[in-house]
$ cat my_file-v2.cif   # mmCIF, C-alpha atoms
data_my_file
#
loop_
_atom_site.group_PDB
_atom_site.id
_atom_site.type_symbol
_atom_site.label_atom_id
_atom_site.label_comp_id
_atom_site.auth_asym_id
_atom_site.auth_seq_id
_atom_site.Cartn_x
_atom_site.Cartn_y
_atom_site.Cartn_z
ATOM 1 C CA MET R 25 -22.763 -50.354 7.027
ATOM 2 C CA SER R 26 -26.006 -51.422 8.736
ATOM 3 C CA LEU R 27 -28.142 -49.107 10.835
ATOM 4 C CA SER R 28 -27.276 -51.065 13.941
ATOM 5 C CA GLU R 29 -23.545 -50.656 13.285
ATOM 6 C CA THR R 30 -24.002 -46.956 12.735
ATOM 7 C CA ALA R 31 -25.917 -46.644 15.995
ATOM 8 C CA ASP R 32 -23.238 -48.599 17.817
ATOM 9 C CA ARG R 33 -20.528 -46.213 16.623
ATOM 10 C CA ARG R 34 -22.592 -43.150 17.326
ATOM 11 C CA ASP R 35 -23.683 -44.209 20.803
ATOM 12 C CA LEU R 36 -21.956 -46.527 23.261
ATOM 13 C CA GLY R 37 -20.234 -49.189 21.174
ATOM 14 C CA LYS R 38 -17.674 -51.026 23.262
ATOM 15 C CA VAL R 39 -14.320 -52.228 22.047
ATOM 16 C CA SER R 40 -12.229 -54.170 24.529
ATOM 17 C CA GLY R 41 -14.392 -52.820 27.345
ATOM 18 C CA GLN R 42 -13.763 -49.148 26.467
ATOM 19 C CA ASP R 43 -16.236 -46.506 25.368
ATOM 20 C CA VAL R 44 -15.694 -45.509 21.734
ATOM 21 C CA ARG R 45 -18.392 -42.846 21.560
ATOM 22 C CA ARG R 46 -17.623 -40.390 18.791
ATOM 23 C CA PRO R 47 -16.404 -37.004 20.100
ATOM 24 C CA GLY R 48 -19.097 -34.349 20.107
ATOM 25 C CA ALA R 49 -19.076 -31.110 18.160
ATOM 26 C CA GLY R 50 -18.100 -29.206 21.313
ATOM 27 C CA ARG R 51 -14.822 -31.057 21.584
ATOM 28 C CA TYR R 52 -14.123 -30.478 17.900
ATOM 29 C CA THR R 53 -14.921 -26.775 18.359
ATOM 30 C CA VAL R 54 -12.467 -26.334 21.223
ATOM 31 C CA ALA R 55 -9.801 -28.204 19.281
ATOM 32 C CA LEU R 56 -10.527 -26.088 16.214
ATOM 33 C CA PHE R 57 -10.196 -22.793 18.101
ATOM 34 C CA ALA R 58 -6.961 -23.954 19.735
ATOM 35 C CA SER R 59 -5.656 -25.104 16.370
ATOM 36 C CA GLU R 60 -6.354 -21.724 14.772
ATOM 37 C CA LEU R 61 -4.520 -19.865 17.531
ATOM 38 C CA HIS R 62 -1.594 -22.258 17.170
ATOM 39 C CA LEU R 63 -1.658 -21.773 13.408
ATOM 40 C CA VAL R 64 -1.468 -17.977 13.666
ATOM 41 C CA PHE R 65 1.062 -17.768 16.491
ATOM 42 C CA GLY R 66 3.032 -20.805 15.380
ATOM 43 C CA ARG R 67 4.236 -19.053 12.243
ATOM 44 C CA ALA R 68 7.633 -17.387 12.257
ATOM 45 C CA ARG R 69 6.091 -14.593 10.174
ATOM 46 C CA THR R 70 3.771 -13.663 13.039
ATOM 47 C CA TRP R 71 6.615 -13.355 15.524
ATOM 48 C CA VAL R 72 8.690 -11.331 13.067
ATOM 49 C CA THR R 73 5.709 -9.000 12.649
ATOM 50 C CA LEU R 74 5.331 -8.623 16.419
ATOM 51 C CA ALA R 75 9.078 -7.987 16.715
ATOM 52 C CA VAL R 76 8.830 -5.205 14.125
ATOM 53 C CA LEU R 77 5.919 -3.672 16.032
ATOM 54 C CA ALA R 78 7.914 -3.894 19.261
ATOM 55 C CA GLY R 79 10.738 -2.040 17.547
ATOM 56 C CA VAL R 80 8.587 0.991 16.714
ATOM 57 C CA PRO R 81 8.589 2.500 20.251
ATOM 58 C CA VAL R 82 12.283 1.736 20.653
ATOM 59 C CA LEU R 83 13.123 3.470 17.373
ATOM 60 C CA VAL R 84 10.979 6.492 18.220
ATOM 61 C CA GLY R 85 12.372 6.723 21.751
ATOM 62 C CA VAL R 86 16.006 6.459 20.659
ATOM 63 C CA ALA R 87 15.485 9.067 17.930
ATOM 64 C CA ILE R 88 13.979 11.537 20.412
ATOM 65 C CA LYS R 89 16.687 10.800 22.970
ATOM 66 C CA LEU R 90 19.516 11.354 20.499
ATOM 67 C CA SER R 91 17.953 14.513 19.095
ATOM 68 C CA GLY R 92 17.778 16.050 22.541
ATOM 69 C CA ALA R 93 14.475 17.679 21.615
ATOM 70 C CA ASP R 94 12.290 18.716 24.527
ATOM 71 C CA GLY R 95 8.765 19.980 24.125
ATOM 72 C CA GLY R 96 6.669 20.392 21.020
ATOM 73 C CA GLU R 97 3.225 19.601 19.763
ATOM 74 C CA GLY R 98 1.308 16.369 20.177
ATOM 75 C CA PHE R 99 2.259 13.282 22.096
ATOM 76 C CA LEU R 100 5.718 13.110 20.535
ATOM 77 C CA GLY R 101 6.551 16.536 21.927
ATOM 78 C CA GLN R 102 5.860 15.309 25.469
ATOM 79 C CA VAL R 103 7.885 12.091 25.319
ATOM 80 C CA ALA R 104 11.174 13.665 26.427
ATOM 81 C CA GLY R 105 9.515 15.109 29.526
ATOM 82 C CA ASN R 106 7.566 11.979 30.450
ATOM 83 C CA GLY R 107 8.292 8.529 29.029
ATOM 84 C CA PHE R 108 4.654 7.594 29.542
ATOM 85 C CA PHE R 109 3.750 9.405 26.345
ATOM 86 C CA LEU R 110 6.018 7.112 24.325
ATOM 87 C CA VAL R 111 3.336 4.430 24.734
ATOM 88 C CA VAL R 112 0.550 6.625 23.359
ATOM 89 C CA ALA R 113 2.728 8.173 20.646
ATOM 90 C CA SER R 114 3.857 4.738 19.426
ATOM 91 C CA LEU R 115 0.296 3.437 19.233
ATOM 92 C CA GLY R 116 -0.727 6.575 17.337
ATOM 93 C CA LEU R 117 2.184 6.293 14.905
ATOM 94 C CA SER R 118 1.582 2.581 14.291
ATOM 95 C CA LEU R 119 -2.155 2.900 13.646
ATOM 96 C CA PRO R 120 -2.037 4.522 10.178
ATOM 97 C CA PHE R 121 0.337 1.934 8.624
ATOM 98 C CA PHE R 122 2.165 -0.693 10.675
ATOM 99 C CA LEU R 123 -0.821 -2.184 12.492
ATOM 100 C CA PRO R 124 -3.130 -2.270 9.425
ATOM 101 C CA THR R 125 -0.366 -3.901 7.394
ATOM 102 C CA ALA R 126 0.057 -6.603 10.021
ATOM 103 C CA VAL R 127 -3.706 -7.210 10.122
ATOM 104 C CA THR R 128 -3.996 -7.444 6.337
ATOM 105 C CA VAL R 129 -1.277 -10.102 6.245
ATOM 106 C CA VAL R 130 -2.894 -12.307 8.890
ATOM 107 C CA ALA R 131 -6.478 -11.749 7.726
ATOM 108 C CA GLY R 132 -5.668 -12.202 4.051
ATOM 109 C CA GLU R 133 -3.973 -15.508 4.725
ATOM 110 C CA SER R 134 -6.622 -16.869 7.101
ATOM 111 C CA LEU R 135 -8.728 -18.762 4.547
ATOM 112 C CA ALA R 136 -6.744 -18.279 1.344
ATOM 113 C CA GLY R 137 -3.680 -19.847 2.949
ATOM 114 C CA GLU R 138 -5.635 -22.975 3.820
ATOM 115 C CA ALA R 139 -7.072 -23.134 0.314
ATOM 116 C CA SER R 140 -3.653 -22.797 -1.317
ATOM 117 C CA LEU R 141 -2.296 -25.684 0.768
ATOM 118 C CA GLY R 142 -5.338 -27.831 0.059
ATOM 119 C CA THR R 143 -6.234 -28.176 3.746
ATOM 120 C CA LEU R 144 -9.382 -26.045 3.549
ATOM 121 C CA ARG R 145 -11.248 -28.832 1.745
ATOM 122 C CA ASN R 146 -10.668 -31.191 4.671
ATOM 123 C CA MET R 147 -11.499 -28.537 7.243
ATOM 124 C CA LEU R 148 -14.819 -27.752 5.569
ATOM 125 C CA THR R 149 -15.907 -31.352 6.101
ATOM 126 C CA ALA R 150 -14.846 -31.463 9.761
ATOM 127 C CA PRO R 151 -17.571 -32.233 12.320
ATOM 128 C CA ALA R 152 -17.156 -28.767 13.869
ATOM 129 C CA GLY R 153 -18.767 -27.281 10.752
ATOM 130 C CA ARG R 154 -18.080 -24.358 8.452
ATOM 131 C CA SER R 155 -19.623 -21.725 10.700
ATOM 132 C CA ARG R 156 -17.411 -22.750 13.604
ATOM 133 C CA LEU R 157 -14.385 -22.757 11.324
ATOM 134 C CA LEU R 158 -15.068 -19.156 10.323
ATOM 135 C CA ALA R 159 -15.712 -18.193 13.949
ATOM 136 C CA ALA R 160 -12.366 -19.744 14.916
ATOM 137 C CA LYS R 161 -10.641 -17.722 12.189
ATOM 138 C CA LEU R 162 -12.244 -14.544 13.533
ATOM 139 C CA VAL R 163 -11.260 -15.295 17.129
ATOM 140 C CA ALA R 164 -7.670 -15.843 16.019
ATOM 141 C CA LEU R 165 -7.746 -12.470 14.247
ATOM 142 C CA VAL R 166 -9.130 -10.730 17.349
ATOM 143 C CA VAL R 167 -6.418 -12.284 19.511
ATOM 144 C CA PHE R 168 -3.758 -11.206 17.023
ATOM 145 C CA CYS R 169 -5.046 -7.613 17.005
ATOM 146 C CA LEU R 170 -4.858 -7.559 20.811
ATOM 147 C CA ALA R 171 -1.404 -9.151 20.781
ATOM 148 C CA ALA R 172 -0.155 -6.565 18.281
ATOM 149 C CA THR R 173 -1.331 -3.531 20.246
ATOM 150 C CA MET R 174 -0.234 -4.959 23.581
ATOM 151 C CA THR R 175 3.218 -5.603 22.106
ATOM 152 C CA ILE R 176 3.516 -1.905 21.291
ATOM 153 C CA PHE R 177 2.103 -0.989 24.708
ATOM 154 C CA LEU R 178 4.664 -3.085 26.599
ATOM 155 C CA SER R 179 7.582 -2.136 24.374
ATOM 156 C CA GLY R 180 6.700 1.556 24.630
ATOM 157 C CA LEU R 181 6.394 1.350 28.393
ATOM 158 C CA ILE R 182 9.757 -0.370 28.813
ATOM 159 C CA ALA R 183 11.510 1.996 26.403
ATOM 160 C CA GLY R 184 9.861 5.007 28.051
ATOM 161 C CA VAL R 185 11.050 3.971 31.518
ATOM 162 C CA VAL R 186 14.593 3.239 30.324
ATOM 163 C CA LEU R 187 15.115 6.319 28.161
ATOM 164 C CA PHE R 188 13.131 9.092 29.845
ATOM 165 C CA PRO R 189 11.892 10.278 33.224
ATOM 166 C CA ILE R 190 8.423 9.055 34.041
ATOM 167 C CA GLY R 191 5.847 10.394 36.469
ATOM 168 C CA ASP R 192 2.413 11.971 36.824
ATOM 169 C CA VAL R 193 0.563 12.496 33.557
ATOM 170 C CA VAL R 194 -0.859 15.786 32.311
ATOM 171 C CA LEU R 195 -3.955 14.974 30.276
ATOM 172 C CA LEU R 196 -5.102 16.797 27.140
ATOM 173 C CA SER R 197 -7.655 18.673 29.248
ATOM 174 C CA GLY R 198 -4.869 20.014 31.485
ATOM 175 C CA THR R 199 -5.690 17.791 34.476
ATOM 176 C CA THR R 200 -2.800 16.010 36.177
ATOM 177 C CA VAL R 201 -3.388 12.377 37.144
ATOM 178 C CA SER R 202 -1.192 9.753 38.755
ATOM 179 C CA LEU R 203 1.043 7.499 36.709
ATOM 180 C CA ALA R 204 -1.158 4.529 37.598
ATOM 181 C CA ASP R 205 -4.217 6.341 36.268
ATOM 182 C CA GLY R 206 -2.308 7.285 33.137
ATOM 183 C CA LEU R 207 -1.176 3.700 32.540
ATOM 184 C CA LEU R 208 -4.729 2.467 32.952
ATOM 185 C CA ARG R 209 -5.851 4.950 30.317
ATOM 186 C CA ALA R 210 -2.984 3.899 28.030
ATOM 187 C CA PHE R 211 -4.011 0.266 28.456
ATOM 188 C CA GLY R 212 -7.542 1.262 27.469
ATOM 189 C CA ILE R 213 -6.117 3.039 24.414
ATOM 190 C CA ALA R 214 -4.311 -0.158 23.385
ATOM 191 C CA ILE R 215 -7.597 -2.081 23.644
ATOM 192 C CA LEU R 216 -9.448 0.599 21.657
ATOM 193 C CA VAL R 217 -6.800 0.545 18.921
ATOM 194 C CA ALA R 218 -7.108 -3.250 18.711
ATOM 195 C CA LEU R 219 -10.895 -2.992 18.427
ATOM 196 C CA SER R 220 -10.488 -0.297 15.775
ATOM 197 C CA LEU R 221 -8.706 -2.844 13.578
ATOM 198 C CA LEU R 222 -11.578 -5.348 13.608
ATOM 199 C CA GLY R 223 -13.418 -3.731 10.704
ATOM 200 C CA LEU R 224 -10.326 -4.151 8.544
ATOM 201 C CA ALA R 225 -9.949 -7.718 9.818
ATOM 202 C CA GLY R 226 -13.519 -8.430 8.671
ATOM 203 C CA VAL R 227 -12.731 -7.058 5.216
ATOM 204 C CA GLY R 228 -9.625 -9.245 5.045
ATOM 205 C CA LEU R 229 -11.543 -12.334 6.148
ATOM 206 C CA PHE R 230 -14.120 -11.813 3.402
ATOM 207 C CA VAL R 231 -11.499 -11.220 0.713
ATOM 208 C CA SER R 232 -9.633 -14.312 1.892
ATOM 209 C CA SER R 233 -12.777 -16.397 1.358
ATOM 210 C CA LEU R 234 -12.874 -15.393 -2.318
ATOM 211 C CA THR R 235 -9.483 -16.673 -3.415
ATOM 212 C CA SER R 236 -6.975 -19.460 -2.909
ATOM 213 C CA THR R 237 -3.989 -17.129 -3.357
ATOM 214 C CA PRO R 238 -2.853 -15.590 -0.053
ATOM 215 C CA LEU R 239 -0.790 -12.832 -1.665
ATOM 216 C CA ALA R 240 -3.783 -11.749 -3.737
ATOM 217 C CA ALA R 241 -5.957 -11.642 -0.613
ATOM 218 C CA MET R 242 -3.366 -9.601 1.291
ATOM 219 C CA ALA R 243 -2.903 -7.189 -1.628
ATOM 220 C CA ALA R 244 -6.652 -6.760 -2.130
ATOM 221 C CA THR R 245 -7.242 -6.125 1.575
ATOM 222 C CA PHE R 246 -4.442 -3.590 1.762
ATOM 223 C CA GLY R 247 -5.719 -2.036 -1.466
ATOM 224 C CA ALA R 248 -9.145 -1.603 0.123
ATOM 225 C CA PHE R 249 -7.459 0.064 3.089
ATOM 226 C CA ILE R 250 -5.659 2.465 0.744
ATOM 227 C CA VAL R 251 -8.921 3.275 -1.064
ATOM 228 C CA PHE R 252 -10.580 4.143 2.253
ATOM 229 C CA GLY R 253 -7.632 6.426 3.020
ATOM 230 C CA ILE R 254 -7.854 8.168 -0.355
ATOM 231 C CA LEU R 255 -11.591 8.712 0.007
ATOM 232 C CA GLY R 256 -11.027 10.140 3.473
ATOM 233 C CA ALA R 257 -8.565 12.676 2.068
ATOM 234 C CA ILE R 258 -10.981 14.139 -0.504
ATOM 235 C CA PRO R 259 -12.821 17.107 1.058
ATOM 236 C CA GLN R 260 -15.428 17.233 -1.713
ATOM 237 C CA ILE R 261 -16.978 13.998 -0.423
ATOM 238 C CA SER R 262 -16.876 14.879 3.260
ATOM 239 C CA GLU R 263 -20.479 13.679 3.619
ATOM 240 C CA ILE R 264 -19.353 10.067 3.445
ATOM 241 C CA HIS R 265 -16.265 10.472 5.656
ATOM 242 C CA PRO R 266 -18.045 9.502 8.901
ATOM 243 C CA TRP R 267 -18.905 6.145 7.279
ATOM 244 C CA LEU R 268 -15.359 5.326 6.226
ATOM 245 C CA LEU R 269 -13.458 2.596 8.032
ATOM 246 C CA MET R 270 -10.716 4.767 9.552
ATOM 247 C CA TYR R 271 -12.744 7.880 10.325
ATOM 248 C CA GLY R 272 -12.982 7.243 14.069
ATOM 249 C CA TRP R 273 -9.509 5.827 14.625
ATOM 250 C CA PRO R 274 -8.076 9.048 16.177
ATOM 251 C CA SER R 275 -10.806 8.944 18.851
ATOM 252 C CA PHE R 276 -8.527 6.865 21.091
ATOM 253 C CA ALA R 277 -6.940 10.128 22.241
ATOM 254 C CA ASP R 278 -10.220 11.093 23.909
ATOM 255 C CA LEU R 279 -9.373 8.675 26.731
ATOM 256 C CA LEU R 280 -6.679 11.166 27.755
ATOM 257 C CA ARG R 281 -9.257 13.792 28.651
ATOM 258 C CA ASP R 282 -10.890 14.389 32.013
ATOM 259 C CA PRO R 283 -13.550 13.166 31.788
ATOM 260 C CA PRO R 284 -13.037 11.039 28.658
ATOM 261 C CA TYR R 285 -15.069 11.982 25.584
ATOM 262 C CA TRP R 286 -17.047 8.821 24.956
ATOM 263 C CA ASP R 287 -19.184 9.949 22.002
ATOM 264 C CA ALA R 288 -16.501 9.653 19.318
ATOM 265 C CA ILE R 289 -15.147 6.462 20.885
ATOM 266 C CA LEU R 290 -18.555 4.777 20.855
ATOM 267 C CA ARG R 291 -19.253 5.912 17.289
ATOM 268 C CA ASN R 292 -15.967 4.387 16.175
ATOM 269 C CA LEU R 293 -16.702 1.097 17.943
ATOM 270 C CA LEU R 294 -20.183 0.941 16.401
ATOM 271 C CA LEU R 295 -18.715 1.641 12.963
ATOM 272 C CA GLN R 296 -16.140 -1.133 13.381
ATOM 273 C CA ALA R 297 -18.867 -3.503 14.564
ATOM 274 C CA ALA R 298 -20.967 -2.657 11.486
ATOM 275 C CA TYR R 299 -18.055 -3.306 9.088
ATOM 276 C CA LEU R 300 -17.205 -6.521 10.892
ATOM 277 C CA PHE R 301 -20.809 -7.733 10.822
ATOM 278 C CA VAL R 302 -21.302 -6.988 7.123
ATOM 279 C CA PHE R 303 -18.075 -8.553 5.912
ATOM 280 C CA TYR R 304 -18.167 -11.472 8.348
ATOM 281 C CA THR R 305 -21.683 -12.254 7.126
ATOM 282 C CA ALA R 306 -20.476 -12.049 3.528
ATOM 283 C CA ALA R 307 -17.575 -14.385 4.330
ATOM 284 C CA TRP R 308 -19.984 -16.782 6.052
ATOM 285 C CA ALA R 309 -22.284 -16.778 3.016
ATOM 286 C CA ARG R 310 -19.347 -17.488 0.746
ATOM 287 C CA LEU R 311 -17.855 -20.217 2.932
ATOM 288 C CA THR R 312 -21.098 -22.068 3.628
ATOM 289 C CA THR R 313 -21.890 -22.271 -0.092
ATOM 290 C CA ARG R 314 -18.368 -23.090 -1.209
ATOM 291 C CA ASP R 315 -17.840 -26.231 -3.261
ATOM 292 C CA ILE R 316 -15.532 -28.454 -1.195
ATOM 293 C CA ASN R 317 -14.268 -30.077 -4.373
ATOM 294 C CA SER R 318 -13.043 -26.785 -5.832
#

$ encode --input "my_file-v2.cif" --output "structure tokens"
Amino acid sequence: MSLSETADRRDLGKVSGQDVRRPGAGRYTVALFASELHLVFGRARTWVTLAVLAGVPVLVGVAIKLSGADGGEGFLGQVAGNGFFLVVASLGLSLPFFLPTAVTVVAGESLAGEASLGTLRNMLTAPAGRSRLLAAKLVALVVFCLAATMTIFLSGLIAGVVLFPIGDVVLLSGTTVSLADGLLRAFGIAILVALSLLGLAGVGLFVSSLTSTPLAAMAATFGAFIVFGILGAIPQISEIHPWLLMYGWPSFADLLRDPPYWDAILRNLLLQAAYLFVFYTAAWARLTTRDINS
């Protein structure tokens, strides 16, 4: 192809009186981000996962209702007296296992799934570029984390209203606030829980860039999560506990104090940002040097 023909295609070549200018990278980027969201939320597996998460508050609420228990320690002990606490209790119960499992599945499959199907090779040569592809994968993971926690939030709220009385909220500091104030705090807790999962999502994204086998990526990511949990349970190495991925996860409860305790919350968010930055950078380094013929 001559230089003039190349210039014609790249600029304002006319065919039948119509502009055939090649789409810019911005248009490819928007299409890529939309495609990634469709890929994640277009899978039946994703909706089954969200349905399971939605079932957690219902199961907890029904169990408490049938047991007739009233009072007790923690958020679960307050559910029977105020259905509002079913939202917070469900988020707290889902954080140690259900939510991380869901994130490891989606994150582990993000790049490895494409590689196993052979579509990653084509995507790496797309005009949007490898960096934008990885950014689109990350955005899809962030949206999924938010969707997962908001699913529990909404399901817990509906189940709490249906199964239990609901009213003003007594905070952990003993202050009583309105239901609207309590719901706003619970919404903030759902956002904090979603943000707390981003470090694990970064780990999963990096692991997914190393293999073309989705199951191996999921298993390795979940294995890393288990290792963090084991290390956090060993008192002899307590010096490193504040640097472990899940150390600050319980800090979400500090939003239910008056005033909220922001120190632990901010430390957790900074820790998640550090994990995400390190492993996202590692995934970027791997992806941008990957042989597209492999």

$ residues_around --input "my_file-v2.cif" --residues "Asp192 (chain R)" --least-positions-apart "5" --cutoff "7 Å" --atoms "only C-alpha atoms" --output "PyMOL selection string"
chain R and resi 200-203

$ atom_distance --input "my_file-v2.cif" --atom1 "CA of Glu263 (chain R)" --atom2 "CA of Arg291 (chain R)"
15.8 Å

$ closest_residue --input "my_file-v2.cif" --among "R:Ala277, R:Ala243, R:Ala288, R:Leu219" --to "Leu300 (chain R)" --atoms "only C-alpha atoms"
R:Leu219

$ resolve_selection --input "my_file-v2.cif" --expression "the PyMOL selection byres ((chain R and resi 74-89) around 10)" --output "ChimeraX atom specification"
/R:68-73,90-94,100-101,103-104,107,110-115,117-118,122-123,126,168,171-184,186-188

$ resolve_selection --input "my_file-v2.cif" --expression "the PyMOL selection byres ((chain R and resi 134) around 9)" --output "PDB file with C-alpha atoms, in the frame of the given file"
ATOM      1  CA  VAL R  64      -1.468 -17.977  13.666  1.00  0.00           C
ATOM      2  CA  VAL R 129      -1.277 -10.102   6.245  1.00  0.00           C
ATOM      3  CA  VAL R 130      -2.894 -12.307   8.890  1.00  0.00           C
ATOM      4  CA  ALA R 131      -6.478 -11.749   7.726  1.00  0.00           C
ATOM      5  CA  GLY R 132      -5.668 -12.202   4.051  1.00  0.00           C
ATOM      6  CA  GLU R 133      -3.973 -15.508   4.725  1.00  0.00           C
ATOM      7  CA  LEU R 135      -8.728 -18.762   4.547  1.00  0.00           C
ATOM      8  CA  ALA R 136      -6.744 -18.279   1.344  1.00  0.00           C
ATOM      9  CA  GLY R 137      -3.680 -19.847   2.949  1.00  0.00           C
ATOM     10  CA  GLU R 138      -5.635 -22.975   3.820  1.00  0.00           C
ATOM     11  CA  LYS R 161     -10.641 -17.722  12.189  1.00  0.00           C
ATOM     12  CA  LEU R 162     -12.244 -14.544  13.533  1.00  0.00           C
ATOM     13  CA  LEU R 165      -7.746 -12.470  14.247  1.00  0.00           C
ATOM     14  CA  GLY R 228      -9.625  -9.245   5.045  1.00  0.00           C
ATOM     15  CA  LEU R 229     -11.543 -12.334   6.148  1.00  0.00           C
ATOM     16  CA  SER R 232      -9.633 -14.312   1.892  1.00  0.00           C
ATOM     17  CA  SER R 233     -12.777 -16.397   1.358  1.00  0.00           C
ATOM     18  CA  PRO R 238      -2.853 -15.590  -0.053  1.00  0.00           C
TER      19      PRO R 238
END

$ atom_distance --input "my_file-v2.cif" --atom1 "CA of Ile215 (chain R)" --atom2 "CA of Ala241 (chain R)"
26.1 Å

$ atom_distance --input "my_file-v2.cif" --atom1 "CA of Phe57 (chain R)" --atom2 "CA of Ala159 (chain R)"
8.3 Å

$ resolve_selection --input "my_file-v2.cif" --expression "the PyMOL selection byres ((chain R and resi 311) around 10)" --output "PDB file with C-alpha atoms, in the frame of the given file"
ATOM      1  CA  LEU R 135      -8.728 -18.762   4.547  1.00  0.00           C
ATOM      2  CA  LEU R 148     -14.819 -27.752   5.569  1.00  0.00           C
ATOM      3  CA  ARG R 154     -18.080 -24.358   8.452  1.00  0.00           C
ATOM      4  CA  SER R 155     -19.623 -21.725  10.700  1.00  0.00           C
ATOM      5  CA  LEU R 157     -14.385 -22.757  11.324  1.00  0.00           C
ATOM      6  CA  LEU R 158     -15.068 -19.156  10.323  1.00  0.00           C
ATOM      7  CA  PHE R 230     -14.120 -11.813   3.402  1.00  0.00           C
ATOM      8  CA  SER R 233     -12.777 -16.397   1.358  1.00  0.00           C
ATOM      9  CA  LEU R 234     -12.874 -15.393  -2.318  1.00  0.00           C
ATOM     10  CA  THR R 305     -21.683 -12.254   7.126  1.00  0.00           C
ATOM     11  CA  ALA R 306     -20.476 -12.049   3.528  1.00  0.00           C
ATOM     12  CA  ALA R 307     -17.575 -14.385   4.330  1.00  0.00           C
ATOM     13  CA  TRP R 308     -19.984 -16.782   6.052  1.00  0.00           C
ATOM     14  CA  ALA R 309     -22.284 -16.778   3.016  1.00  0.00           C
ATOM     15  CA  ARG R 310     -19.347 -17.488   0.746  1.00  0.00           C
ATOM     16  CA  THR R 312     -21.098 -22.068   3.628  1.00  0.00           C
ATOM     17  CA  THR R 313     -21.890 -22.271  -0.092  1.00  0.00           C
ATOM     18  CA  ARG R 314     -18.368 -23.090  -1.209  1.00  0.00           C
ATOM     19  CA  ASP R 315     -17.840 -26.231  -3.261  1.00  0.00           C
ATOM     20  CA  ILE R 316     -15.532 -28.454  -1.195  1.00  0.00           C
TER      21      ILE R 316
END

$ closest_residue --input "my_file-v2.cif" --among "R:Pro284, R:Met242, R:Val185, R:Leu293" --to "Gly105 (chain R)" --atoms "all atoms listed in the file"
R:Val185

$ residues_around --input "my_file-v2.cif" --residues "region 58-62 of chain R" --least-positions-apart "2" --cutoff "7 Å" --atoms "all atoms listed in the file" --output "count of residues only"
9

$ closest_residue --input "my_file-v2.cif" --among "R:Ile261, R:Leu170, R:Val227, R:Ile213" --to "Val302 (chain R)" --atoms "all atoms listed in the file"
R:Val227

$ axis_aligned_box --input "my_file-v2.cif" --around "region 227-237 of chain R" --padding-each-side "6 Å" --output "lines of an AutoDock Vina configuration file"
center_x = -9.1
center_y = -13.3
center_z = 1.4
size_x = 22.1
size_y = 24.4
size_z = 21.6

$ residues_around --input "my_file-v2.cif" --residues "Leu216 (chain R)" --least-positions-apart "2" --cutoff "9 Å" --atoms "only C-alpha atoms" --output "ChimeraX atom specification"
/R:211-214,218-221,273,275-276,289,293

$ closest_residue --input "my_file-v2.cif" --among "R:Ala244, R:Leu294, R:Leu280, R:Leu222" --to "Gly198 (chain R)" --atoms "only C-alpha atoms"
R:Leu280

$ closest_residue --input "my_file-v2.cif" --among "R:Leu290, R:Leu279, R:Met270, R:Ile258" --to "Leu195 (chain R)" --atoms "all atoms listed in the file"
R:Leu279

$ closest_residue --input "my_file-v2.cif" --among "R:Ala204, R:Gln296, R:Arg156, R:Thr235" --to "Thr53 (chain R)" --atoms "all atoms listed in the file"
R:Arg156
